[in-house]
Amino acid sequence: GAVVSQHPSRVICKSGTSVKIECRSLDFQATTMFWYRQFPKQSLMLMATSNEGSKATYEQGVEKDKFLINHASLTLSTLTVTSAHPEDSSFYICSARDEGRNNQPQHFGDGTRLSIL
Amino acid sequence: QKEVEQNSGPLSVPEGAIASLNCTYSDRGSQSFFWYRQYSGKSPELIMSIYSNGDKEDGRFTAQLNKASQYVSLLIRDSQPSDSATYLCAVNWPSGAGSYQLTFGKGTKLSVIP
């Protein structure tokens, strides 16, 4: 089945640090990947749609300058949380779908738990 | 606005019982439907896909789809404590030019009581 790899699984860092999270599709190509954020006991919230070779599409209320997305290849998207602060602490999850097979589900990475001190 | 509605729960069932999880969606053009399971602190995991009206069974799980009623459900037979999780319903609909948009419900929390 489709596998999505996400790294790192956990990050603990000081306030003001920028953190990069990688999302890779291991056995399929993904022109589109998705970034979600989930706070404790809350629903999954779509932050942005990452598009290979073009700008990401951000959901309303998500700061594009704060959450930088780069989708440089068909198998890799990165999310950089710039100058992270404690309120950015959350569970970040990426997903991807095999674009070669229409009407398919998204497959999720294992997520990155970000803790800003 | 494409919407997917689920009862947030919690839904509590005794061990060994059948758990029934329900989902309704707003777009009649939706073409595929998925159920994900999310354990606390983990990312969602795909457990069932269904594309046509009727029932689809996989082990203890049965997905049911009724496109006329815009309703999809997940039944879990012989529920186990390990089934305790949040179950997310997701609906795929065509967004043009061969692309599809996946919309998630907010999830139903299931608790199986030993």
# chains A, B, ... in the order shown; residues from 1 in each chain; ligands from 1
call {"tool": "interface_residues", "arguments": {"of": "chain B", "to": "chain A", "cutoff": "10 Å", "atoms": "only C-alpha atoms", "output": "PyMOL selection string"}}
result
chain B and resi 8+30-36+40-46+48-49+51+86+88+90-94+98-107
call {"tool": "residues_around", "arguments": {"residues": "Pro10 (chain B)", "least_positions_apart": "3", "cutoff": "7 Å", "atoms": "only C-alpha atoms", "output": "PyMOL selection string"}}
result
chain B and resi 108-111
call {"tool": "write_last_selection", "arguments": {"atoms": "C-alpha atoms", "output": "short mmCIF file (atom, residue, chain, number, x, y, z; two decimals), in the first residue's frame"}}
result
data_model
loop_
_atom_site.label_atom_id
_atom_site.label_comp_id
_atom_site.auth_asym_id
_atom_site.auth_seq_id
_atom_site.Cartn_x
_atom_site.Cartn_y
_atom_site.Cartn_z
CA THR B 108 -16.65 10.25 16.34
CA LYS B 109 -14.93 9.11 19.51
CA LEU B 110 -15.64 5.46 20.27
CA SER B 111 -15.09 3.95 23.68
#
call {"tool": "residues_around", "arguments": {"residues": "Ala30 (chain A)", "least_positions_apart": "4", "cutoff": "10 Å", "atoms": "only C-alpha atoms", "output": "list of chain:residue names"}}
result
A:Arg24, A:Ser25, A:Leu26, A:Ser50, A:Asn51, A:Glu52, A:His71, A:Ser73, A:Leu74, A:Thr75, A:Leu76, A:Ser77, A:Ser95, A:Ala96, A:Arg97, A:Asp98, A:Glu99, A:Gly100
call {"tool": "write_last_selection", "arguments": {"atoms": "all heavy atoms", "output": "compact mmCIF listing (two decimals), in the first residue's frame"}}
result
# COMPACT_ATOMS: atom_id res chain seq x y z
N ARG A 24 7.53 12.59 2.84
CA ARG A 24 7.90 11.89 1.61
C ARG A 24 6.90 10.81 1.25
O ARG A 24 6.46 10.05 2.13
CB ARG A 24 9.27 11.23 1.77
CG ARG A 24 10.43 12.19 1.94
CD ARG A 24 11.76 11.44 2.09
NE ARG A 24 12.85 12.37 2.36
CZ ARG A 24 13.55 12.98 1.43
NH1 ARG A 24 13.29 12.77 0.16
NH2 ARG A 24 14.53 13.81 1.77
N SER A 25 6.56 10.73 0.00
CA SER A 25 5.78 9.58 -0.49
C SER A 25 6.81 8.56 -0.98
O SER A 25 7.64 8.85 -1.83
CB SER A 25 4.85 10.01 -1.63
OG SER A 25 5.56 10.60 -2.69
N LEU A 26 6.77 7.36 -0.41
CA LEU A 26 7.84 6.40 -0.63
C LEU A 26 7.66 5.53 -1.88
O LEU A 26 8.63 5.12 -2.49
CB LEU A 26 8.00 5.50 0.59
CG LEU A 26 8.43 6.21 1.88
CD1 LEU A 26 8.72 5.20 2.97
CD2 LEU A 26 9.63 7.12 1.64
N SER A 50 -0.04 21.53 -0.51
CA SER A 50 1.27 21.72 -1.12
C SER A 50 1.23 21.23 -2.56
O SER A 50 0.83 20.10 -2.82
CB SER A 50 2.29 20.91 -0.31
OG SER A 50 3.54 20.86 -0.94
N ASN A 51 1.62 22.05 -3.50
CA ASN A 51 1.55 21.73 -4.92
C ASN A 51 2.94 21.68 -5.52
O ASN A 51 3.69 22.66 -5.44
CB ASN A 51 0.72 22.79 -5.65
CG ASN A 51 -0.66 22.95 -5.05
OD1 ASN A 51 -1.45 22.02 -5.03
ND2 ASN A 51 -0.97 24.14 -4.57
N GLU A 52 3.28 20.56 -6.11
CA GLU A 52 4.62 20.39 -6.71
C GLU A 52 4.85 21.42 -7.80
O GLU A 52 4.04 21.54 -8.72
CB GLU A 52 4.75 18.96 -7.25
CG GLU A 52 6.16 18.63 -7.72
CD GLU A 52 6.38 18.93 -9.19
OE1 GLU A 52 5.40 18.96 -9.93
OE2 GLU A 52 7.54 19.13 -9.58
N HIS A 71 7.54 22.30 -2.12
CA HIS A 71 7.22 20.99 -2.72
C HIS A 71 8.05 20.87 -3.99
O HIS A 71 7.58 21.06 -5.10
CB HIS A 71 5.71 20.94 -3.04
CG HIS A 71 5.20 19.56 -3.32
ND1 HIS A 71 3.90 19.21 -3.04
CD2 HIS A 71 5.78 18.47 -3.85
CE1 HIS A 71 3.70 17.95 -3.40
NE2 HIS A 71 4.83 17.49 -3.89
N SER A 73 9.79 18.33 -5.32
CA SER A 73 9.79 17.14 -6.17
C SER A 73 8.46 16.41 -6.01
O SER A 73 7.65 16.76 -5.16
CB SER A 73 10.94 16.21 -5.80
OG SER A 73 10.63 15.48 -4.63
N LEU A 74 8.26 15.39 -6.80
CA LEU A 74 7.01 14.64 -6.77
C LEU A 74 6.88 13.73 -5.56
O LEU A 74 5.85 13.07 -5.38
CB LEU A 74 6.85 13.83 -8.06
CG LEU A 74 6.54 14.65 -9.30
CD1 LEU A 74 6.62 13.77 -10.55
CD2 LEU A 74 5.17 15.29 -9.21
N THR A 75 7.95 13.66 -4.76
CA THR A 75 7.89 12.78 -3.59
C THR A 75 8.24 13.48 -2.28
O THR A 75 8.29 12.84 -1.23
CB THR A 75 8.85 11.59 -3.76
OG1 THR A 75 10.18 12.09 -3.95
CG2 THR A 75 8.46 10.72 -4.95
N LEU A 76 8.46 14.79 -2.31
CA LEU A 76 8.89 15.46 -1.11
C LEU A 76 8.25 16.83 -0.95
O LEU A 76 8.30 17.66 -1.84
CB LEU A 76 10.41 15.64 -1.10
CG LEU A 76 11.01 16.48 0.04
CD1 LEU A 76 10.76 15.81 1.39
CD2 LEU A 76 12.50 16.71 -0.19
N SER A 77 7.65 17.04 0.23
CA SER A 77 7.16 18.36 0.62
C SER A 77 7.72 18.67 2.00
O SER A 77 7.86 17.77 2.83
CB SER A 77 5.63 18.39 0.66
OG SER A 77 5.16 19.64 1.16
N SER A 95 -0.10 14.44 4.63
CA SER A 95 -0.72 13.32 3.91
C SER A 95 -0.49 13.51 2.42
O SER A 95 -0.16 14.61 1.96
CB SER A 95 -2.23 13.23 4.20
OG SER A 95 -2.92 14.29 3.59
N ALA A 96 -0.66 12.42 1.69
CA ALA A 96 -0.49 12.47 0.24
C ALA A 96 -1.39 11.43 -0.39
O ALA A 96 -1.85 10.49 0.26
CB ALA A 96 0.98 12.19 -0.13
N ARG A 97 -1.64 11.63 -1.67
CA ARG A 97 -2.49 10.71 -2.41
C ARG A 97 -1.80 10.35 -3.71
O ARG A 97 -1.14 11.19 -4.31
CB ARG A 97 -3.84 11.38 -2.67
CG ARG A 97 -4.84 10.56 -3.45
CD ARG A 97 -6.22 11.16 -3.34
NE ARG A 97 -6.21 12.56 -3.77
CZ ARG A 97 -7.18 13.42 -3.45
NH1 ARG A 97 -8.18 13.04 -2.71
NH2 ARG A 97 -7.12 14.65 -3.87
N ASP A 98 -1.93 9.10 -4.12
CA ASP A 98 -1.33 8.64 -5.37
C ASP A 98 -2.09 9.29 -6.52
O ASP A 98 -3.20 8.88 -6.85
CB ASP A 98 -1.42 7.12 -5.44
CG ASP A 98 -0.68 6.54 -6.63
OD1 ASP A 98 -0.35 7.30 -7.57
OD2 ASP A 98 -0.43 5.33 -6.63
N GLU A 99 -1.47 10.29 -7.13
CA GLU A 99 -2.15 11.04 -8.18
C GLU A 99 -2.33 10.22 -9.45
O GLU A 99 -3.13 10.57 -10.31
CB GLU A 99 -1.36 12.32 -8.50
CG GLU A 99 -1.23 13.26 -7.32
CD GLU A 99 -2.56 13.86 -6.88
OE1 GLU A 99 -3.50 13.88 -7.68
OE2 GLU A 99 -2.65 14.31 -5.73
N GLY A 100 -1.57 9.14 -9.55
CA GLY A 100 -1.73 8.30 -10.73
C GLY A 100 -2.97 7.43 -10.67
O GLY A 100 -3.32 6.77 -11.64
call {"tool": "residues_around", "arguments": {"residues": "region 6-20 of chain A", "least_positions_apart": "3", "cutoff": "7 Å", "atoms": "only C-alpha atoms", "output": "ChimeraX atom specification"}}
result
/A:23-24,78-86,109-117
call {"tool": "select_by_dssp", "arguments": {"residues": "region 8-84 of chain A", "states": "strand (DSSP E)", "output": "PyMOL selection string"}}
result
chain A and resi 10-13+19-25+32-38+45-51+57-58+67-73+76-81
call {"tool": "write_last_selection", "arguments": {"atoms": "N, CA, C and O atoms", "output": "short mmCIF file (atom, residue, chain, number, x, y, z; two decimals), in the first residue's frame"}}
result
data_model
loop_
_atom_site.label_atom_id
_atom_site.label_comp_id
_atom_site.auth_asym_id
_atom_site.auth_seq_id
_atom_site.Cartn_x
_atom_site.Cartn_y
_atom_site.Cartn_z
N ARG A 10 9.43 13.90 16.51
CA ARG A 10 9.26 14.79 17.65
C ARG A 10 10.36 15.84 17.65
O ARG A 10 11.52 15.53 17.36
N VAL A 11 9.96 17.07 17.97
CA VAL A 11 10.92 18.16 18.05
C VAL A 11 10.64 18.95 19.32
O VAL A 11 9.48 19.33 19.57
N ILE A 12 11.70 19.20 20.07
CA ILE A 12 11.59 20.09 21.24
C ILE A 12 12.66 21.16 21.05
O ILE A 12 13.83 20.84 20.90
N CYS A 13 12.25 22.42 21.03
CA CYS A 13 13.23 23.47 20.81
C CYS A 13 12.81 24.76 21.48
O CYS A 13 11.68 24.90 21.96
N VAL A 19 11.80 25.42 12.52
CA VAL A 19 11.76 23.95 12.49
C VAL A 19 11.27 23.48 11.13
O VAL A 19 10.23 23.93 10.65
N LYS A 20 12.00 22.54 10.53
CA LYS A 20 11.60 22.00 9.24
C LYS A 20 11.12 20.57 9.41
O LYS A 20 11.77 19.74 10.04
N ILE A 21 9.97 20.27 8.79
CA ILE A 21 9.39 18.93 8.82
C ILE A 21 9.32 18.42 7.39
O ILE A 21 8.86 19.14 6.49
N GLU A 22 9.74 17.18 7.18
CA GLU A 22 9.74 16.60 5.84
C GLU A 22 8.64 15.56 5.71
O GLU A 22 8.36 14.79 6.63
N CYS A 23 8.06 15.52 4.52
CA CYS A 23 7.03 14.54 4.20
C CYS A 23 7.38 13.91 2.85
O CYS A 23 7.52 14.62 1.85
N ARG A 24 7.53 12.59 2.84
CA ARG A 24 7.90 11.89 1.61
C ARG A 24 6.90 10.81 1.25
O ARG A 24 6.46 10.05 2.13
N SER A 25 6.56 10.73 0.00
CA SER A 25 5.78 9.58 -0.49
C SER A 25 6.81 8.56 -0.98
O SER A 25 7.64 8.85 -1.83
N THR A 32 0.38 16.58 -5.20
CA THR A 32 -0.27 17.33 -4.14
C THR A 32 -0.07 16.62 -2.81
O THR A 32 -0.27 15.42 -2.71
N MET A 33 0.33 17.37 -1.81
CA MET A 33 0.43 16.86 -0.45
C MET A 33 -0.32 17.83 0.45
O MET A 33 -0.54 18.98 0.08
N PHE A 34 -0.66 17.37 1.63
CA PHE A 34 -1.49 18.17 2.52
C PHE A 34 -0.85 18.25 3.90
O PHE A 34 -0.28 17.27 4.39
N TRP A 35 -0.95 19.42 4.51
CA TRP A 35 -0.43 19.61 5.86
C TRP A 35 -1.56 19.94 6.81
O TRP A 35 -2.37 20.85 6.56
N TYR A 36 -1.60 19.18 7.92
CA TYR A 36 -2.64 19.36 8.92
C TYR A 36 -1.98 19.70 10.26
O TYR A 36 -0.82 19.37 10.51
N ARG A 37 -2.79 20.28 11.12
CA ARG A 37 -2.35 20.55 12.49
C ARG A 37 -3.47 20.07 13.41
O ARG A 37 -4.66 20.24 13.09
N GLN A 38 -3.08 19.50 14.52
CA GLN A 38 -4.08 19.02 15.46
C GLN A 38 -3.65 19.35 16.88
O GLN A 38 -2.62 18.87 17.36
N MET A 45 -7.10 19.79 11.49
CA MET A 45 -7.35 21.04 10.77
C MET A 45 -6.39 21.15 9.58
O MET A 45 -5.18 21.14 9.76
N LEU A 46 -6.94 21.27 8.38
CA LEU A 46 -6.11 21.44 7.20
C LEU A 46 -5.48 22.83 7.23
O LEU A 46 -6.17 23.83 7.37
N MET A 47 -4.14 22.86 7.12
CA MET A 47 -3.44 24.13 7.10
C MET A 47 -3.23 24.61 5.66
O MET A 47 -3.44 25.78 5.34
N ALA A 48 -2.75 23.69 4.82
CA ALA A 48 -2.39 24.10 3.47
C ALA A 48 -2.27 22.89 2.57
O ALA A 48 -2.07 21.76 3.03
N THR A 49 -2.42 23.15 1.29
CA THR A 49 -2.23 22.15 0.25
C THR A 49 -0.94 22.49 -0.47
O THR A 49 -0.79 23.61 -0.99
N SER A 50 -0.04 21.53 -0.51
CA SER A 50 1.27 21.72 -1.12
C SER A 50 1.23 21.23 -2.56
O SER A 50 0.83 20.10 -2.82
N ASN A 51 1.62 22.05 -3.50
CA ASN A 51 1.55 21.73 -4.92
C ASN A 51 2.94 21.68 -5.52
O ASN A 51 3.69 22.66 -5.44
N THR A 57 -1.30 26.35 -1.37
CA THR A 57 -2.59 27.00 -1.11
C THR A 57 -2.88 26.90 0.38
O THR A 57 -2.98 25.80 0.92
N TYR A 58 -3.02 28.05 1.03
CA TYR A 58 -3.20 28.08 2.47
C TYR A 58 -4.67 28.25 2.83
O TYR A 58 -5.41 28.98 2.16
N PHE A 67 4.37 29.69 8.10
CA PHE A 67 4.44 28.27 7.75
C PHE A 67 4.83 28.16 6.28
O PHE A 67 3.97 28.20 5.39
N LEU A 68 6.13 28.00 6.06
CA LEU A 68 6.65 27.97 4.69
C LEU A 68 6.59 26.55 4.15
O LEU A 68 7.06 25.62 4.78
N ILE A 69 6.01 26.41 2.97
CA ILE A 69 5.88 25.09 2.36
C ILE A 69 6.64 25.07 1.05
O ILE A 69 6.50 25.97 0.22
N ASN A 70 7.43 24.00 0.88
CA ASN A 70 8.17 23.81 -0.35
C ASN A 70 7.90 22.40 -0.87
O ASN A 70 8.01 21.43 -0.13
N HIS A 71 7.54 22.30 -2.12
CA HIS A 71 7.22 20.99 -2.72
C HIS A 71 8.05 20.87 -3.99
O HIS A 71 7.58 21.06 -5.10
N ALA A 72 9.34 20.57 -3.78
CA ALA A 72 10.30 20.66 -4.87
C ALA A 72 10.32 19.45 -5.79
O ALA A 72 10.83 19.53 -6.90
N SER A 73 9.79 18.33 -5.32
CA SER A 73 9.79 17.14 -6.17
C SER A 73 8.46 16.41 -6.01
O SER A 73 7.65 16.76 -5.16
N LEU A 76 8.46 14.79 -2.31
CA LEU A 76 8.89 15.46 -1.11
C LEU A 76 8.25 16.83 -0.95
O LEU A 76 8.30 17.66 -1.84
N SER A 77 7.65 17.04 0.23
CA SER A 77 7.16 18.36 0.62
C SER A 77 7.72 18.67 2.00
O SER A 77 7.86 17.77 2.83
N THR A 78 8.09 19.93 2.22
CA THR A 78 8.58 20.33 3.53
C THR A 78 7.75 21.48 4.08
O THR A 78 7.28 22.34 3.33
N LEU A 79 7.58 21.45 5.39
CA LEU A 79 6.90 22.52 6.11
C LEU A 79 7.90 23.10 7.09
O LEU A 79 8.47 22.37 7.91
N THR A 80 8.16 24.40 7.00
CA THR A 80 9.04 25.07 7.94
C THR A 80 8.23 26.02 8.80
O THR A 80 7.58 26.93 8.27
N VAL A 81 8.29 25.78 10.10
CA VAL A 81 7.64 26.69 11.05
C VAL A 81 8.70 27.72 11.42
O VAL A 81 9.70 27.39 12.09
#
call {"tool": "atom_distance", "arguments": {"atom1": "CA of Asp58 (chain B)", "atom2": "CA of Glu3 (chain B)"}}
result
26.6 Å
call {"tool": "residues_around", "arguments": {"residues": "Thr24 (chain B)", "least_positions_apart": "6", "cutoff": "6 Å", "atoms": "only C-alpha atoms", "output": "list in words"}}
result
Val4, Glu5, Gln70 and Tyr71 of chain B
call {"tool": "write_last_selection", "arguments": {"atoms": "all heavy atoms", "output": "PDB file, in the first residue's frame"}}
result
ATOM      1  N   VAL B   4     -19.139  17.340   5.663  1.00  0.00           N
ATOM      2  CA  VAL B   4     -19.230  15.958   6.125  1.00  0.00           C
ATOM      3  C   VAL B   4     -19.543  16.026   7.613  1.00  0.00           C
ATOM      4  O   VAL B   4     -18.788  16.633   8.374  1.00  0.00           O
ATOM      5  CB  VAL B   4     -17.906  15.204   5.889  1.00  0.00           C
ATOM      6  CG1 VAL B   4     -17.993  13.796   6.441  1.00  0.00           C
ATOM      7  CG2 VAL B   4     -17.569  15.179   4.400  1.00  0.00           C
ATOM      8  N   GLU B   5     -20.654  15.424   8.002  1.00  0.00           N
ATOM      9  CA  GLU B   5     -21.120  15.536   9.371  1.00  0.00           C
ATOM     10  C   GLU B   5     -21.029  14.192  10.097  1.00  0.00           C
ATOM     11  O   GLU B   5     -21.444  13.162   9.569  1.00  0.00           O
ATOM     12  CB  GLU B   5     -22.583  16.015   9.390  1.00  0.00           C
ATOM     13  CG  GLU B   5     -22.797  17.387   8.751  1.00  0.00           C
ATOM     14  CD  GLU B   5     -22.267  18.521   9.602  1.00  0.00           C
ATOM     15  OE1 GLU B   5     -22.054  18.296  10.816  1.00  0.00           O
ATOM     16  OE2 GLU B   5     -22.076  19.621   9.069  1.00  0.00           O
ATOM     17  N   GLN B  70     -27.282   9.996   0.930  1.00  0.00           N
ATOM     18  CA  GLN B  70     -26.028  10.698   1.241  1.00  0.00           C
ATOM     19  C   GLN B  70     -25.556  10.328   2.636  1.00  0.00           C
ATOM     20  O   GLN B  70     -25.291  11.185   3.489  1.00  0.00           O
ATOM     21  CB  GLN B  70     -26.230  12.214   1.078  1.00  0.00           C
ATOM     22  CG  GLN B  70     -26.515  12.581  -0.371  1.00  0.00           C
ATOM     23  CD  GLN B  70     -26.875  14.048  -0.552  1.00  0.00           C
ATOM     24  OE1 GLN B  70     -27.928  14.382  -1.080  1.00  0.00           O
ATOM     25  NE2 GLN B  70     -25.994  14.911  -0.117  1.00  0.00           N
ATOM     26  N   TYR B  71     -25.435   9.042   2.810  1.00  0.00           N
ATOM     27  CA  TYR B  71     -25.182   8.475   4.137  1.00  0.00           C
ATOM     28  C   TYR B  71     -24.174   7.354   3.996  1.00  0.00           C
ATOM     29  O   TYR B  71     -24.267   6.500   3.122  1.00  0.00           O
ATOM     30  CB  TYR B  71     -26.527   7.950   4.662  1.00  0.00           C
ATOM     31  CG  TYR B  71     -26.496   7.233   5.969  1.00  0.00           C
ATOM     32  CD1 TYR B  71     -26.676   7.936   7.160  1.00  0.00           C
ATOM     33  CD2 TYR B  71     -26.351   5.852   6.015  1.00  0.00           C
ATOM     34  CE1 TYR B  71     -26.693   7.268   8.367  1.00  0.00           C
ATOM     35  CE2 TYR B  71     -26.364   5.185   7.220  1.00  0.00           C
ATOM     36  CZ  TYR B  71     -26.539   5.892   8.395  1.00  0.00           C
ATOM     37  OH  TYR B  71     -26.560   5.236   9.585  1.00  0.00           O
TER      38      TYR B  71
END
call {"tool": "atom_distance", "arguments": {"atom1": "CA of Gln6 (chain B)", "atom2": "CA of Val62 (chain A)"}}
result
24.8 Å
call {"tool": "residues_around", "arguments": {"residues": "Gly16 (chain B)", "least_positions_apart": "6", "cutoff": "9 Å", "atoms": "only C-alpha atoms", "output": "ChimeraX atom specification"}}
result
/B:77-80,112,114
call {"tool": "atom_distance", "arguments": {"atom1": "CA of Glu63 (chain A)", "atom2": "CA of Val3 (chain A)"}}
result
28.6 Å
call {"tool": "decode", "arguments": {"residues": "region 72-84 of chain B", "atoms": "N, CA and C atoms", "output": "mmCIF file, in the first residue's frame"}}
result
data_model
loop_
_atom_site.group_PDB
_atom_site.id
_atom_site.type_symbol
_atom_site.label_atom_id
_atom_site.label_comp_id
_atom_site.auth_asym_id
_atom_site.auth_seq_id
_atom_site.Cartn_x
_atom_site.Cartn_y
_atom_site.Cartn_z
ATOM 1 N N VAL B 72 -23.185 7.354 4.885
ATOM 2 C CA VAL B 72 -22.213 6.258 4.920
ATOM 3 C C VAL B 72 -21.997 5.898 6.380
ATOM 4 N N SER B 73 -21.865 4.612 6.638
ATOM 5 C CA SER B 73 -21.706 4.172 8.021
ATOM 6 C C SER B 73 -20.602 3.133 8.124
ATOM 7 N N LEU B 74 -20.150 2.927 9.334
ATOM 8 C CA LEU B 74 -19.148 1.898 9.637
ATOM 9 C C LEU B 74 -19.660 1.091 10.819
ATOM 10 N N LEU B 75 -19.738 -0.211 10.613
ATOM 11 C CA LEU B 75 -20.115 -1.108 11.697
ATOM 12 C C LEU B 75 -18.883 -1.880 12.144
ATOM 13 N N ILE B 76 -18.713 -1.984 13.448
ATOM 14 C CA ILE B 76 -17.619 -2.772 14.002
ATOM 15 C C ILE B 76 -18.253 -3.877 14.842
ATOM 16 N N ARG B 77 -18.090 -5.098 14.376
ATOM 17 C CA ARG B 77 -18.657 -6.241 15.110
ATOM 18 C C ARG B 77 -17.694 -6.707 16.179
ATOM 19 N N ASP B 78 -18.253 -7.335 17.222
ATOM 20 C CA ASP B 78 -17.425 -7.886 18.302
ATOM 21 C C ASP B 78 -16.403 -6.841 18.761
ATOM 22 N N SER B 79 -16.899 -5.682 19.127
ATOM 23 C CA SER B 79 -16.022 -4.567 19.502
ATOM 24 C C SER B 79 -15.069 -4.956 20.620
ATOM 25 N N GLN B 80 -13.832 -4.491 20.474
ATOM 26 C CA GLN B 80 -12.790 -4.757 21.455
ATOM 27 C C GLN B 80 -12.310 -3.438 22.061
ATOM 28 N N PRO B 81 -11.770 -3.486 23.272
ATOM 29 C CA PRO B 81 -11.223 -2.247 23.854
ATOM 30 C C PRO B 81 -10.190 -1.576 22.952
ATOM 31 N N SER B 82 -9.474 -2.381 22.178
ATOM 32 C CA SER B 82 -8.472 -1.831 21.260
ATOM 33 C C SER B 82 -9.093 -1.055 20.098
ATOM 34 N N ASP B 83 -10.409 -1.168 19.942
ATOM 35 C CA ASP B 83 -11.103 -0.371 18.912
ATOM 36 C C ASP B 83 -11.391 1.045 19.400
ATOM 37 N N SER B 84 -11.160 1.310 20.666
ATOM 38 C CA SER B 84 -11.404 2.646 21.224
ATOM 39 C C SER B 84 -10.490 3.650 20.537
#
